[in-house]
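Engineer: Below is the structure I would like to discuss, written out as structure tokens.
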Amino acid sequence: MPKPRDITADAVLALLTETFPRCFSVYERRRKPLKVGIDRDILERLGGAIAPNELSSALRSYTSNRLYQLAMRDGAPRIDLDGNPAGSVTAEQAEAAWAWLRHYEQRAAQRKAEKAQAKAVEAEAMKPKRLSLADLKAAALARKAPIS
């Protein structure tokens, strides 16, 4: 069963995309690696409009996106709140992103296999039961038995 989405994280992300449109994008394909330490910049610029734990949850949601992780290639530019280059992705960070993607794909394949297996079990349970000769004889005797 999928986890319920965090409404607070969604609201914070909406605020971030509205306030910093050159940095945050609602379109997953446009997501770029963010500057290391961008959380401190956001808290400073927003002046306490959001709590640090809410921001942390929202950034975790934003950066754990598959397409964001695909953008984390060695040497890819990172961006600041104004969309300006602010460093680049290191080889270690790129490798961590690829490890995360492999784990994500394995989990997705496992969930897909479990879902297919559950569907097969359900389909098997829905099939009509084939009666044996003993079942048929017992049913015939039950019909012939006198009603008391």
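Letters for chains follow the order of the structure tokens (A, B, ...), residue numbers begin at 1 for each chain, and ligand numbers begin at 1 in the order shown.
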Set the distance at 8 Å and use only C-alpha atoms: which residues neighbour A:Gly87 once local chain neighbours fewer than 3 positions away are removed? I'd like the list as a PyMOL selection string.

Structural biologist: chain A and resi 35+77-79

Engineer: With stretch 38-62 of chain A as the partner and 10 Å as the cut-off, tabulate the residues of stretch 77-147 of chain A that qualify, each row holding the nearest pair of atoms and their distance in Å to one decimal, using only C-alpha atoms, sorted by chain and rising number, as CSV.

Structural biologist:
```
residue,atom,partner,partner_atom,distance
A:Ile79,CA,A:Ile38,CA,9.0
A:Asp80,CA,A:Ile38,CA,6.9
A:Leu81,CA,A:Ile38,CA,7.5
A:Ala86,CA,A:Ile38,CA,9.9
```

Engineer: Which one is closest to A:Gly75: A:His103, A:Pro33, A:Trp98, A:Leu141? Count only C-alpha atoms.

Structural biologist: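 Comparing A:His103, A:Pro33, A:Trp98, A:Leu141 against A:Gly75, the winner is A:Pro33.
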
Engineer: Could you give me, as a PDB file with C-alpha atoms, in the first residue's frame, each residue of stretch 12-132 of chain A that DSSP assigns to strand (DSSP E) when run on this structure's backbone?

Structural biologist:
```pdb
ATOM      1  CA  PRO A  77      26.110  22.090 -12.390  1.00  0.00           C
ATOM      2  CA  ARG A  78      24.240  22.747  -9.161  1.00  0.00           C
ATOM      3  CA  ILE A  79      22.004  25.815  -8.919  1.00  0.00           C
ATOM      4  CA  PRO A  85      25.497  27.939 -11.026  1.00  0.00           C
ATOM      5  CA  ALA A  86      26.680  27.128  -7.502  1.00  0.00           C
ATOM      6  CA  GLY A  87      29.166  24.285  -7.662  1.00  0.00           C
ATOM      7  CA  SER A  88      28.886  20.954  -9.380  1.00  0.00           C
TER       8      SER A  88
END
```

Engineer: Based on the backbone DSSP call, show me all residues of stretch 34-90 of chain A assigned helix (DSSP H, G or I), as a list in words.

Structural biologist: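 Secondary structure check on stretch 34-90 of chain A, helix (DSSP H, G or I): Ile38, Asp39, Arg40, Asp41, Ile42, Leu43, Glu44, Arg45, Leu46, Pro52, Asn53, Glu54, Leu55, Ser56, Ser57, Ala58, Leu59, Arg60, Ser61, Tyr62, Thr63, Arg66, Leu67, Tyr68, Gln69, Leu70 and Ala71 of chain A.
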
Engineer: Keeping only C-alpha atoms, take the residues you just selected and write them out as a short mmCIF file (atom, residue, chain, number, x, y, z; two decimals), in the first residue's frame.

Structural biologist:
```
data_model
loop_
_atom_site.label_atom_id
_atom_site.label_comp_id
_atom_site.auth_asym_id
_atom_site.auth_seq_id
_atom_site.Cartn_x
_atom_site.Cartn_y
_atom_site.Cartn_z
CA ILE A 38 20.46 25.41 -0.03
CA ASP A 39 18.28 24.71 2.99
CA ARG A 40 20.14 27.38 4.99
CA ASP A 41 19.72 29.87 2.13
CA ILE A 42 15.99 29.17 1.97
CA LEU A 43 15.50 29.58 5.73
CA GLU A 44 17.43 32.86 5.64
CA ARG A 45 15.54 34.27 2.64
CA LEU A 46 12.10 33.23 3.91
CA PRO A 52 13.31 23.70 9.39
CA ASN A 53 11.74 20.24 9.76
CA GLU A 54 9.03 21.12 7.21
CA LEU A 55 11.69 22.35 4.79
CA SER A 56 13.76 19.22 5.35
CA SER A 57 10.76 17.02 4.54
CA ALA A 58 9.96 19.03 1.41
CA LEU A 59 13.57 18.97 0.15
CA ARG A 60 13.76 15.23 0.79
CA SER A 61 10.61 14.78 -1.28
CA TYR A 62 11.98 17.02 -4.06
CA THR A 63 15.42 15.40 -4.25
CA ARG A 66 13.82 9.65 -9.84
CA LEU A 67 14.38 12.34 -12.47
CA TYR A 68 16.23 14.55 -9.98
CA GLN A 69 18.53 11.63 -9.20
CA LEU A 70 19.11 11.06 -12.93
CA ALA A 71 20.23 14.69 -13.21
#
```

Engineer: Residues at most 9 Å from A:Val26, counting only C-alpha atoms, excluding those fewer than 2 positions away in the same chain, as a list in words?

Structural biologist: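 The residues satisfying every condition are Leu13, Ala14, Thr17, Phe24, Glu28, Arg29, Arg30 and Arg31 of chain A.
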
Engineer: Put those residues in a file: C-alpha atoms, as a CSV table (one decimal), in the first residue's frame.

Structural biologist:
```csv
chain,number,residue,atom,x,y,z
A,13,LEU,CA,7.2,22.7,-2.3
A,14,ALA,CA,4.4,24.9,-3.7
A,17,THR,CA,8.3,26.8,-6.6
A,24,PHE,CA,12.5,24.8,-8.1
A,28,GLU,CA,10.0,16.7,-12.8
A,29,ARG,CA,12.0,16.8,-16.1
A,30,ARG,CA,13.2,20.3,-15.3
A,31,ARG,CA,14.7,19.5,-11.9
```

Engineer: Figure out the distance between atom CA of A:Gly37 and atom CA of A:Met72, please, to one decimal in Å.

Structural biologist: 15.8 Å
